[in-house]
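As stored in entry07.cif (mmCIF, C-alpha atoms):
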```cif
data_input
loop_
_atom_site.group_PDB
_atom_site.id
_atom_site.type_symbol
_atom_site.label_atom_id
_atom_site.label_comp_id
_atom_site.auth_asym_id
_atom_site.auth_seq_id
_atom_site.Cartn_x
_atom_site.Cartn_y
_atom_site.Cartn_z
ATOM 1 C CA MET D 1 42.121 -110.668 16.678
ATOM 2 C CA ILE D 2 42.973 -109.540 20.223
ATOM 3 C CA ARG D 3 39.263 -109.253 20.991
ATOM 4 C CA LYS D 4 38.683 -112.850 19.847
ATOM 5 C CA GLY D 5 41.547 -113.989 22.043
ATOM 6 C CA VAL D 6 40.036 -112.238 25.054
ATOM 7 C CA PHE D 7 36.648 -113.839 24.409
ATOM 8 C CA LEU D 8 38.246 -117.278 24.065
ATOM 9 C CA LEU D 9 40.188 -116.807 27.292
ATOM 10 C CA GLN D 10 37.005 -115.767 29.095
ATOM 11 C CA ALA D 11 35.231 -118.894 27.851
ATOM 12 C CA LEU D 12 38.103 -121.156 28.959
ATOM 13 C CA ILE D 13 38.246 -119.552 32.398
ATOM 14 C CA LEU D 14 34.497 -119.941 32.783
ATOM 15 C CA TYR D 15 34.707 -123.624 31.819
ATOM 16 C CA ILE D 16 37.569 -124.334 34.224
ATOM 17 C CA PHE D 17 35.961 -122.534 37.173
ATOM 18 C CA THR D 18 32.542 -124.135 36.688
ATOM 19 C CA LEU D 19 33.734 -127.706 36.106
ATOM 20 C CA PRO D 20 34.296 -128.524 39.833
ATOM 21 C CA VAL D 21 30.710 -127.465 40.563
ATOM 22 C CA ALA D 22 29.450 -129.609 37.699
ATOM 23 C CA ILE D 23 31.072 -132.814 38.963
ATOM 24 C CA MET D 24 30.247 -132.491 42.673
ATOM 25 C CA PRO D 25 27.061 -134.024 44.186
ATOM 26 C CA LEU D 26 23.935 -131.960 43.572
ATOM 27 C CA GLY D 27 23.188 -131.351 47.249
ATOM 28 C CA LEU D 28 26.687 -130.010 47.871
ATOM 29 C CA ALA D 29 26.530 -127.919 44.709
ATOM 30 C CA ARG D 30 23.284 -126.303 45.818
ATOM 31 C CA MET D 31 24.780 -125.592 49.227
ATOM 32 C CA ILE D 32 27.750 -123.888 47.589
ATOM 33 C CA GLY D 33 25.370 -122.029 45.273
ATOM 34 C CA ALA D 34 23.487 -120.665 48.278
ATOM 35 C CA MET D 35 26.792 -119.597 49.834
ATOM 36 C CA ILE D 36 27.783 -117.822 46.620
ATOM 37 C CA GLY D 37 24.396 -116.081 46.659
ATOM 38 C CA THR D 38 24.985 -114.934 50.242
ATOM 39 C CA VAL D 39 28.400 -113.526 49.355
ATOM 40 C CA VAL D 40 26.963 -111.669 46.359
ATOM 41 C CA PHE D 41 24.165 -110.354 48.595
ATOM 42 C CA LEU D 42 26.764 -108.918 50.965
ATOM 43 C CA LEU D 43 29.033 -107.456 48.283
ATOM 44 C CA TRP D 44 26.643 -106.183 45.588
ATOM 45 C CA ARG D 45 25.326 -103.273 47.587
ATOM 46 C CA SER D 46 23.694 -101.368 44.718
ATOM 47 C CA ARG D 47 21.469 -104.271 43.657
ATOM 48 C CA ARG D 48 20.811 -105.271 47.268
ATOM 49 C CA LYS D 49 19.509 -101.749 47.912
ATOM 50 C CA ILE D 50 17.252 -101.834 44.819
ATOM 51 C CA ALA D 51 15.864 -105.237 45.815
ATOM 52 C CA ILE D 52 15.134 -104.218 49.409
ATOM 53 C CA GLU D 53 13.371 -101.056 48.215
ATOM 54 C CA ASN D 54 11.281 -103.132 45.806
ATOM 55 C CA VAL D 55 10.222 -105.554 48.546
ATOM 56 C CA LYS D 56 9.345 -102.643 50.844
ATOM 57 C CA ARG D 57 7.223 -101.187 48.046
ATOM 58 C CA ALA D 58 5.280 -104.445 47.703
ATOM 59 C CA VAL D 59 4.755 -104.550 51.479
ATOM 60 C CA SER D 60 3.550 -100.935 51.584
ATOM 61 C CA LYS D 61 1.003 -101.679 48.831
ATOM 62 C CA GLY D 62 -0.353 -104.680 50.715
ATOM 63 C CA TYR D 63 0.911 -107.356 48.313
ATOM 64 C CA LEU D 64 3.191 -108.870 50.951
ATOM 65 C CA PRO D 65 2.377 -109.137 54.688
ATOM 66 C CA ASN D 66 3.492 -106.375 57.052
ATOM 67 C CA SER D 67 5.465 -109.036 58.911
ATOM 68 C CA THR D 68 7.692 -109.533 55.836
ATOM 69 C CA ASN D 69 11.397 -108.959 56.484
ATOM 70 C CA PRO D 70 12.640 -107.289 53.263
ATOM 71 C CA VAL D 71 16.310 -107.951 54.022
ATOM 72 C CA LEU D 72 15.660 -111.648 54.627
ATOM 73 C CA VAL D 73 13.551 -111.965 51.449
ATOM 74 C CA VAL D 74 16.314 -110.357 49.395
ATOM 75 C CA LYS D 75 19.015 -112.526 50.988
ATOM 76 C CA GLN D 76 16.969 -115.638 50.164
ATOM 77 C CA THR D 77 16.487 -114.308 46.619
ATOM 78 C CA PHE D 78 20.256 -114.140 46.117
ATOM 79 C CA GLN D 79 20.595 -117.632 47.579
ATOM 80 C CA ASN D 80 17.968 -118.926 45.159
ATOM 81 C CA LEU D 81 19.860 -117.335 42.271
ATOM 82 C CA GLY D 82 23.021 -119.081 43.460
ATOM 83 C CA ARG D 83 21.282 -122.468 43.593
ATOM 84 C CA SER D 84 19.801 -121.869 40.158
ATOM 85 C CA LEU D 85 23.230 -121.002 38.797
ATOM 86 C CA VAL D 86 24.849 -124.254 39.940
ATOM 87 C CA GLU D 87 21.911 -126.281 38.600
ATOM 88 C CA ILE D 88 22.343 -124.710 35.175
ATOM 89 C CA ILE D 89 26.114 -125.236 35.356
ATOM 90 C CA LYS D 90 25.494 -128.952 35.856
ATOM 91 C CA VAL D 91 23.078 -129.097 32.923
ATOM 92 C CA TYR D 92 25.415 -127.170 30.627
ATOM 93 C CA HIS D 93 28.306 -129.483 31.506
ATOM 94 C CA GLY D 94 26.161 -132.503 30.617
ATOM 95 C CA ARG D 95 25.760 -133.578 34.245
ATOM 96 C CA GLY D 96 22.227 -132.418 34.936
ATOM 97 C CA GLU D 97 20.412 -135.772 35.011
ATOM 98 C CA GLU D 98 19.587 -135.545 38.725
ATOM 99 C CA VAL D 99 18.366 -131.962 38.308
ATOM 100 C CA LEU D 100 16.083 -132.816 35.400
ATOM 101 C CA LYS D 101 14.616 -136.038 36.817
ATOM 102 C CA ASN D 102 13.406 -134.252 39.977
ATOM 103 C CA ILE D 103 11.131 -131.849 38.120
ATOM 104 C CA ASN D 104 7.376 -132.441 38.295
ATOM 105 C CA ILE D 105 5.182 -131.014 35.534
ATOM 106 C CA GLU D 106 1.538 -130.121 36.101
ATOM 107 C CA GLY D 107 -0.991 -129.016 33.481
ATOM 108 C CA ILE D 108 0.245 -130.750 30.324
ATOM 109 C CA GLU D 109 -3.411 -131.226 29.370
ATOM 110 C CA HIS D 110 -3.678 -127.461 28.818
ATOM 111 C CA ILE D 111 -0.950 -127.657 26.178
ATOM 112 C CA LYS D 112 -2.714 -130.512 24.405
ATOM 113 C CA LYS D 113 -5.939 -128.502 24.328
ATOM 114 C CA ALA D 114 -4.149 -125.418 22.972
ATOM 115 C CA GLN D 115 -2.449 -127.486 20.274
ATOM 116 C CA GLN D 116 -5.850 -128.396 18.852
ATOM 117 C CA LYS D 117 -6.210 -124.825 17.575
ATOM 118 C CA ASN D 118 -3.209 -125.285 15.245
ATOM 119 C CA LYS D 119 -2.069 -121.691 15.776
ATOM 120 C CA GLY D 120 1.072 -122.384 17.785
ATOM 121 C CA ILE D 121 1.370 -121.596 21.503
ATOM 122 C CA LEU D 122 2.683 -118.483 23.241
ATOM 123 C CA PHE D 123 3.976 -119.219 26.751
ATOM 124 C CA ILE D 124 4.454 -116.315 29.154
ATOM 125 C CA THR D 125 6.463 -116.378 32.353
ATOM 126 C CA GLY D 126 8.733 -114.186 34.442
ATOM 127 C CA HIS D 127 12.113 -114.226 36.125
ATOM 128 C CA CYS D 128 10.731 -116.648 38.682
ATOM 129 C CA GLY D 129 12.471 -119.635 40.237
ATOM 130 C CA ASN D 130 15.024 -121.173 37.879
ATOM 131 C CA TRP D 131 13.545 -119.793 34.650
ATOM 132 C CA GLU D 132 16.430 -121.086 32.535
ATOM 133 C CA LEU D 133 15.729 -124.607 33.776
ATOM 134 C CA LEU D 134 12.048 -124.063 32.975
ATOM 135 C CA ALA D 135 12.826 -123.394 29.301
ATOM 136 C CA LEU D 136 15.130 -126.397 28.945
ATOM 137 C CA THR D 137 12.803 -128.820 30.735
ATOM 138 C CA ALA D 138 9.687 -127.681 28.875
ATOM 139 C CA SER D 139 11.465 -128.221 25.550
ATOM 140 C CA TYR D 140 12.980 -131.552 26.607
ATOM 141 C CA ARG D 141 9.898 -133.151 28.137
ATOM 142 C CA VAL D 142 6.815 -131.343 26.855
ATOM 143 C CA VAL D 143 7.036 -129.421 23.577
ATOM 144 C CA PRO D 144 9.934 -127.986 21.502
ATOM 145 C CA LEU D 145 10.199 -124.324 22.401
ATOM 146 C CA ARG D 146 11.800 -121.152 21.082
ATOM 147 C CA VAL D 147 12.541 -118.503 23.725
ATOM 148 C CA VAL D 148 13.167 -114.786 23.331
ATOM 149 C CA ALA D 149 16.504 -113.732 24.856
ATOM 150 C CA ARG D 150 19.462 -111.397 24.498
ATOM 151 C CA ARG D 151 22.582 -112.523 22.681
ATOM 152 C CA ILE D 152 25.570 -113.071 24.996
ATOM 153 C CA ASN D 153 28.416 -110.694 24.164
ATOM 154 C CA ASN D 154 31.036 -113.455 24.199
ATOM 155 C CA PRO D 155 30.460 -115.409 20.946
ATOM 156 C CA TYR D 156 32.100 -118.598 22.278
ATOM 157 C CA ILE D 157 29.852 -118.704 25.348
ATOM 158 C CA ASN D 158 26.865 -117.785 23.204
ATOM 159 C CA ALA D 159 27.632 -120.667 20.828
ATOM 160 C CA LEU D 160 27.870 -123.065 23.802
ATOM 161 C CA VAL D 161 24.496 -121.901 25.105
ATOM 162 C CA GLU D 162 22.923 -122.376 21.669
ATOM 163 C CA ARG D 163 24.381 -125.868 21.329
ATOM 164 C CA VAL D 164 23.162 -127.024 24.745
ATOM 165 C CA ARG D 165 19.718 -125.544 24.197
ATOM 166 C CA LYS D 166 19.346 -127.303 20.854
ATOM 167 C CA SER D 167 20.303 -130.614 22.443
ATOM 168 C CA TYR D 168 17.193 -130.219 24.638
ATOM 169 C CA GLY D 169 14.928 -129.164 21.758
ATOM 170 C CA ASN D 170 15.207 -125.520 22.757
ATOM 171 C CA SER D 171 16.325 -122.611 20.573
ATOM 172 C CA ILE D 172 16.653 -118.847 20.878
ATOM 173 C CA ILE D 173 14.929 -115.936 19.184
ATOM 174 C CA TYR D 174 17.211 -112.953 19.687
ATOM 175 C CA LYS D 175 15.535 -109.702 20.650
ATOM 176 C CA HIS D 176 16.647 -107.782 17.570
ATOM 177 C CA GLY D 177 13.905 -108.476 15.036
ATOM 178 C CA ALA D 178 12.150 -110.835 17.454
ATOM 179 C CA ILE D 179 8.558 -110.044 16.480
ATOM 180 C CA LYS D 180 9.025 -111.212 12.902
ATOM 181 C CA GLN D 181 10.590 -114.481 14.076
ATOM 182 C CA ILE D 182 7.886 -115.020 16.684
ATOM 183 C CA LEU D 183 5.134 -114.615 14.099
ATOM 184 C CA SER D 184 6.957 -116.918 11.700
ATOM 185 C CA THR D 185 7.341 -119.584 14.407
ATOM 186 C CA LEU D 186 3.661 -119.380 15.337
ATOM 187 C CA ARG D 187 2.619 -119.668 11.689
ATOM 188 C CA GLU D 188 4.526 -122.965 11.675
ATOM 189 C CA ASN D 189 2.309 -124.093 14.589
ATOM 190 C CA LYS D 190 5.247 -124.114 17.017
ATOM 191 C CA ALA D 191 5.698 -122.777 20.555
ATOM 192 C CA VAL D 192 7.365 -119.574 21.746
ATOM 193 C CA GLY D 193 8.239 -118.514 25.301
ATOM 194 C CA ILE D 194 8.516 -114.899 26.487
ATOM 195 C CA LEU D 195 9.624 -113.392 29.804
ATOM 196 C CA ILE D 196 7.263 -110.468 30.380
ATOM 197 C CA ASP D 197 8.066 -109.105 33.832
ATOM 198 C CA GLN D 198 10.876 -106.602 33.179
ATOM 199 C CA SER D 199 10.541 -102.885 32.597
ATOM 200 C CA VAL D 200 10.414 -101.683 28.992
ATOM 201 C CA VAL D 201 10.752 -98.256 27.407
ATOM 202 C CA PRO D 202 7.411 -96.435 27.044
ATOM 203 C CA SER D 203 7.448 -96.760 23.241
ATOM 204 C CA GLU D 204 7.439 -100.574 23.578
ATOM 205 C CA GLY D 205 5.000 -100.936 26.441
ATOM 206 C CA ILE D 206 1.980 -99.744 28.307
ATOM 207 C CA LEU D 207 1.603 -98.448 31.854
ATOM 208 C CA ILE D 208 -0.165 -100.824 34.249
ATOM 209 C CA ASP D 209 -0.293 -101.357 37.993
ATOM 210 C CA PHE D 210 2.164 -104.073 38.998
ATOM 211 C CA LEU D 211 2.287 -104.991 42.679
ATOM 212 C CA GLY D 212 0.351 -101.791 43.342
ATOM 213 C CA SER D 213 2.629 -99.306 41.542
ATOM 214 C CA PRO D 214 2.623 -98.038 37.923
ATOM 215 C CA ALA D 215 5.126 -99.938 35.767
ATOM 216 C CA TRP D 216 5.874 -99.907 32.048
ATOM 217 C CA SER D 217 5.151 -103.405 30.773
ATOM 218 C CA THR D 218 5.462 -105.137 27.433
ATOM 219 C CA LYS D 219 2.307 -105.267 25.346
ATOM 220 C CA ALA D 220 3.826 -107.605 22.734
ATOM 221 C CA PRO D 221 2.109 -110.851 23.866
ATOM 222 C CA VAL D 222 -1.330 -109.231 23.761
ATOM 223 C CA LEU D 223 -0.734 -107.642 20.342
ATOM 224 C CA ILE D 224 0.550 -110.961 18.997
ATOM 225 C CA ALA D 225 -2.523 -112.748 20.363
ATOM 226 C CA LYS D 226 -4.797 -110.167 18.742
ATOM 227 C CA LYS D 227 -3.014 -110.505 15.423
ATOM 228 C CA THR D 228 -2.721 -114.291 15.245
ATOM 229 C CA GLY D 229 -5.300 -115.758 17.627
ATOM 230 C CA VAL D 230 -2.533 -117.790 19.270
ATOM 231 C CA PRO D 231 -3.471 -119.296 22.667
ATOM 232 C CA VAL D 232 -1.458 -117.703 25.500
ATOM 233 C CA LEU D 233 -0.548 -119.973 28.431
ATOM 234 C CA PRO D 234 1.215 -118.861 31.637
ATOM 235 C CA VAL D 235 3.881 -121.258 32.912
ATOM 236 C CA PHE D 236 6.072 -121.082 36.023
ATOM 237 C CA ILE D 237 8.657 -123.095 37.926
ATOM 238 C CA GLN D 238 9.185 -123.132 41.694
ATOM 239 C CA ARG D 239 11.369 -125.028 44.112
ATOM 240 C CA ASN D 240 9.761 -128.026 45.752
ATOM 241 C CA GLY D 241 11.901 -129.730 48.374
ATOM 242 C CA LYS D 242 14.886 -131.241 46.553
ATOM 243 C CA GLY D 243 13.436 -130.564 43.120
ATOM 244 C CA HIS D 244 11.132 -128.267 41.189
ATOM 245 C CA THR D 245 7.533 -128.119 40.046
ATOM 246 C CA ILE D 246 6.513 -126.660 36.689
ATOM 247 C CA LYS D 247 2.909 -125.484 36.558
ATOM 248 C CA ILE D 248 1.209 -124.847 33.216
ATOM 249 C CA TYR D 249 -1.986 -122.795 33.404
ATOM 250 C CA PRO D 250 -4.980 -122.943 31.047
ATOM 251 C CA GLU D 251 -5.178 -120.572 28.092
ATOM 252 C CA ILE D 252 -5.947 -116.968 29.045
ATOM 253 C CA GLU D 253 -9.278 -116.188 27.435
ATOM 254 C CA GLY D 254 -10.362 -112.888 25.872
ATOM 255 C CA LEU D 255 -7.004 -111.533 24.713
ATOM 256 C CA GLN D 256 -8.258 -111.255 21.134
ATOM 257 C CA ASN D 257 -10.872 -108.603 22.000
ATOM 258 C CA GLY D 258 -10.842 -105.147 20.388
ATOM 259 C CA PRO D 259 -7.750 -102.945 20.074
ATOM 260 C CA GLN D 260 -9.034 -100.127 22.306
ATOM 261 C CA GLU D 261 -6.486 -98.773 24.765
ATOM 262 C CA ASN D 262 -8.535 -99.652 27.858
ATOM 263 C CA ASN D 263 -8.848 -103.247 26.663
ATOM 264 C CA LEU D 264 -5.085 -103.371 26.080
ATOM 265 C CA VAL D 265 -4.346 -102.161 29.604
ATOM 266 C CA SER D 266 -6.772 -104.730 31.003
ATOM 267 C CA ALA D 267 -5.290 -107.569 28.940
ATOM 268 C CA VAL D 268 -1.669 -106.757 29.860
ATOM 269 C CA SER D 269 -2.717 -106.491 33.514
ATOM 270 C CA VAL D 270 -4.300 -109.953 33.349
ATOM 271 C CA LEU D 271 -1.022 -111.439 32.071
ATOM 272 C CA HIS D 272 0.935 -109.795 34.873
ATOM 273 C CA SER D 273 -1.569 -110.913 37.510
ATOM 274 C CA TYR D 274 -0.127 -114.427 37.140
ATOM 275 C CA ILE D 275 3.336 -113.098 38.005
ATOM 276 C CA GLU D 276 1.906 -111.168 40.952
ATOM 277 C CA LYS D 277 0.299 -114.366 42.229
ATOM 278 C CA TYR D 278 3.616 -116.199 41.923
ATOM 279 C CA ILE D 279 5.468 -113.453 43.820
ATOM 280 C CA ILE D 280 2.899 -113.407 46.627
ATOM 281 C CA GLU D 281 3.200 -117.174 47.031
ATOM 282 C CA ASN D 282 7.001 -117.349 46.493
ATOM 283 C CA PRO D 283 8.461 -113.937 47.405
ATOM 284 C CA SER D 284 12.083 -115.094 47.545
ATOM 285 C CA GLU D 285 11.969 -116.651 44.060
ATOM 286 C CA TRP D 286 11.395 -113.509 41.989
ATOM 287 C CA LEU D 287 14.125 -111.241 40.606
ATOM 288 C CA TRP D 288 13.733 -108.306 43.000
ATOM 289 C CA ILE D 289 17.125 -106.880 41.966
ATOM 290 C CA HIS D 290 15.630 -105.582 38.682
ATOM 291 C CA ARG D 291 14.590 -101.905 38.667
ATOM 292 C CA ARG D 292 11.022 -102.773 37.702
ATOM 293 C CA TRP D 293 9.543 -99.312 38.376
ATOM 294 C CA LYS D 294 12.416 -97.176 37.086
ATOM 295 C CA LYS D 295 10.568 -95.362 34.255
ATOM 296 C CA ARG D 296 7.430 -94.282 36.052
#
```
Translate this file's structure into structure tokens.
Amino acid sequence: MIRKGVFLLQALILYIFTLPVAIMPLGLARMIGAMIGTVVFLLWRSRRKIAIENVKRAVSKGYLPNSTNPVLVVKQTFQNLGRSLVEIIKVYHGRGEEVLKNINIEGIEHIKKAQQKNKGILFITGHCGNWELLALTASYRVVPLRVVARRINNPYINALVERVRKSYGNSIIYKHGAIKQILSTLRENKAVGILIDQSVVPSEGILIDFLGSPAWSTKAPVLIAKKTGVPVLPVFIQRNGKGHTIKIYPEIEGLQNGPQENNLVSAVSVLHSYIEKYIIENPSEWLWIHRRWKKR
């Protein structure tokens, strides 16, 4: 009973503190979001250190120019996270019209082509740009989508997230038992979205080169493609002036080839090459604060 009371109090505090951001003009909200990101950059020393080391690693491997300033990239990353946070706050408070209307979508024709196979669609992306906004917008304007995510510990906040997502045609597949739900969704000829760019335990992944260094990476999308024949489409969102652009890529061909280990490594590497390309083009919009190479 006490635990429920604590969770309810947390949810009320969150609502009260985020409401002023939700009702202020979008430009001002983004400015405040960037300021919040700067403050977090200055105070969260442990994650700042991890992020700077990760950027330096990418520079040393030749994936980012030698002229790259790792501290500046990481500071801008935190600022981008702050802007993304206030955008999502507006959407979750029902005041996200201006955010949503300034999103351009490219590549819808690739979805229409994939739908002709009647095997569902598996979208892959990473923690790039405002990935939460990507999921909501794709469901709202393109195709209803189920995304794989962790359950929020606070049940009241989790219920709010579920309700808002469903209002945009978006729903969640929770990670516990996710594979069974993913396969079931695909059998119904529906779409699933997966974030693939975080480190996994060796038993759940395969070791590939990511930004020039060995990293344990999920093999689930490739195994699912081999099992079901589902078309796999990369999709990303990036900031574009005062709005965003969502880019949908064509289906990745050849993922259904044999189960040999070398083919699996090659296929997983191909999926991650799209994330590498995004990072190279938009270095401050990827989640550098994650310990991507921690289990080498």
request  = Could you state which residues are captured by the PyMOL selection byres ((chain D and resi 252) around 7) in this file, as number ranges by chain?
outcome  = D: 232-233, 250-251, 253-254
inquiry  = Nearest residue to Pro221 (chain D) out of D:Tyr92, D:Trp44, D:Phe78, D:Phe123, using all atoms listed in the file?
reply    = D:Phe123
query = Got a sec: who's within 9 Å of Val161 (chain D), counting all atoms listed in the file, leaving out chain neighbours fewer than 4 positions off, as a ChimeraX atom specification?
reply = /D:92,152,156-157,165-166
Using 12 Å as the limit and counting all atoms listed in the file, can you tabulate each residue of region 48-140 of chain D that touches region 240-244 of chain D, with its shortest atom-to-atom distance in Å and the two atoms involved, as JSON lines?
```
{"residue": "D:Arg83", "atom": "CA", "partner": "D:Lys242", "partner_atom": "CA", "distance": 11.3}
{"residue": "D:Ser84", "atom": "CA", "partner": "D:His244", "partner_atom": "CA", "distance": 10.8}
{"residue": "D:Glu87", "atom": "CA", "partner": "D:Gly243", "partner_atom": "CA", "distance": 10.5}
{"residue": "D:Glu97", "atom": "CA", "partner": "D:Gly243", "partner_atom": "CA", "distance": 11.9}
{"residue": "D:Glu98", "atom": "CA", "partner": "D:Gly243", "partner_atom": "CA", "distance": 9.1}
{"residue": "D:Val99", "atom": "CA", "partner": "D:Gly243", "partner_atom": "CA", "distance": 7.0}
{"residue": "D:Leu100", "atom": "CA", "partner": "D:Gly243", "partner_atom": "CA", "distance": 8.5}
{"residue": "D:Lys101", "atom": "CA", "partner": "D:Gly243", "partner_atom": "CA", "distance": 8.4}
{"residue": "D:Asn102", "atom": "CA", "partner": "D:Gly243", "partner_atom": "CA", "distance": 4.8}
{"residue": "D:Ile103", "atom": "CA", "partner": "D:His244", "partner_atom": "CA", "distance": 4.7}
{"residue": "D:Asn104", "atom": "CA", "partner": "D:His244", "partner_atom": "CA", "distance": 6.3}
{"residue": "D:Ile105", "atom": "CA", "partner": "D:His244", "partner_atom": "CA", "distance": 8.7}
{"residue": "D:Glu106", "atom": "CA", "partner": "D:His244", "partner_atom": "CA", "distance": 11.0}
{"residue": "D:Cys128", "atom": "CA", "partner": "D:His244", "partner_atom": "CA", "distance": 11.9}
{"residue": "D:Gly129", "atom": "CA", "partner": "D:His244", "partner_atom": "CA", "distance": 8.8}
{"residue": "D:Asn130", "atom": "CA", "partner": "D:His244", "partner_atom": "CA", "distance": 8.7}
{"residue": "D:Trp131", "atom": "CA", "partner": "D:His244", "partner_atom": "CA", "distance": 11.0}
{"residue": "D:Leu133", "atom": "CA", "partner": "D:His244", "partner_atom": "CA", "distance": 9.5}
{"residue": "D:Leu134", "atom": "CA", "partner": "D:His244", "partner_atom": "CA", "distance": 9.3}
{"residue": "D:Thr137", "atom": "CA", "partner": "D:His244", "partner_atom": "CA", "distance": 10.6}
```
query = the PyMOL selection byres ((chain D and resi 288) around 10) on the file shown: which residues, as a ChimeraX atom specification?
reply = /D:47-48,50-55,73-74,77-78,127-128,279,283-287,289-292
request  = Could you please determine the separation between CA of Lys227 (chain D) and CA of Leu186 (chain D) in Å, to one decimal place?
outcome  =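 Going from CA of Lys227 (chain D) over to CA of Leu186 (chain D) covers 11.1 Å.
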task = Step by step, work through what the PyMOL selection byres ((chain D and resi 201-210) around 9) selects in the shown file, and finish by giving those residues as a PyMOL selection string.
result = chain D and resi 199-200+211-220+264-266+268-269+272-273+276+293+295-296
key: Residue contacts of region 32-37 of chain D (7 Å, all atoms listed in the file) excluding same-chain residues fewer than 2 positions away, as a ChimeraX atom specification   = /D:28-30,39-41,78-83,85-86
Please write a file for region 174-191 of chain D, taken from the block I just shared, that holds C-alpha atoms and is laid out as an mmCIF file, in the first residue's frame.
```cif
data_model
loop_
_atom_site.group_PDB
_atom_site.id
_atom_site.type_symbol
_atom_site.label_atom_id
_atom_site.label_comp_id
_atom_site.auth_asym_id
_atom_site.auth_seq_id
_atom_site.Cartn_x
_atom_site.Cartn_y
_atom_site.Cartn_z
ATOM 1 C CA TYR D 174 7.589 -5.761 -23.323
ATOM 2 C CA LYS D 175 10.999 -7.397 -23.405
ATOM 3 C CA HIS D 176 10.052 -10.347 -21.212
ATOM 4 C CA GLY D 177 8.730 -12.916 -23.677
ATOM 5 C CA ALA D 178 9.129 -10.472 -26.568
ATOM 6 C CA ILE D 179 10.110 -12.970 -29.265
ATOM 7 C CA LYS D 180 6.845 -14.883 -29.008
ATOM 8 C CA GLN D 181 4.830 -11.660 -29.261
ATOM 9 C CA ILE D 182 6.916 -10.399 -32.170
ATOM 10 C CA LEU D 183 6.343 -13.600 -34.133
ATOM 11 C CA SER D 184 2.637 -13.506 -33.330
ATOM 12 C CA THR D 185 2.380 -9.884 -34.510
ATOM 13 C CA LEU D 186 4.197 -10.656 -37.758
ATOM 14 C CA ARG D 187 1.950 -13.656 -38.418
ATOM 15 C CA GLU D 188 -0.949 -11.191 -38.255
ATOM 16 C CA ASN D 189 0.775 -9.202 -41.040
ATOM 17 C CA LYS D 190 1.464 -6.257 -38.720
ATOM 18 C CA ALA D 191 4.555 -4.124 -38.086
#
```
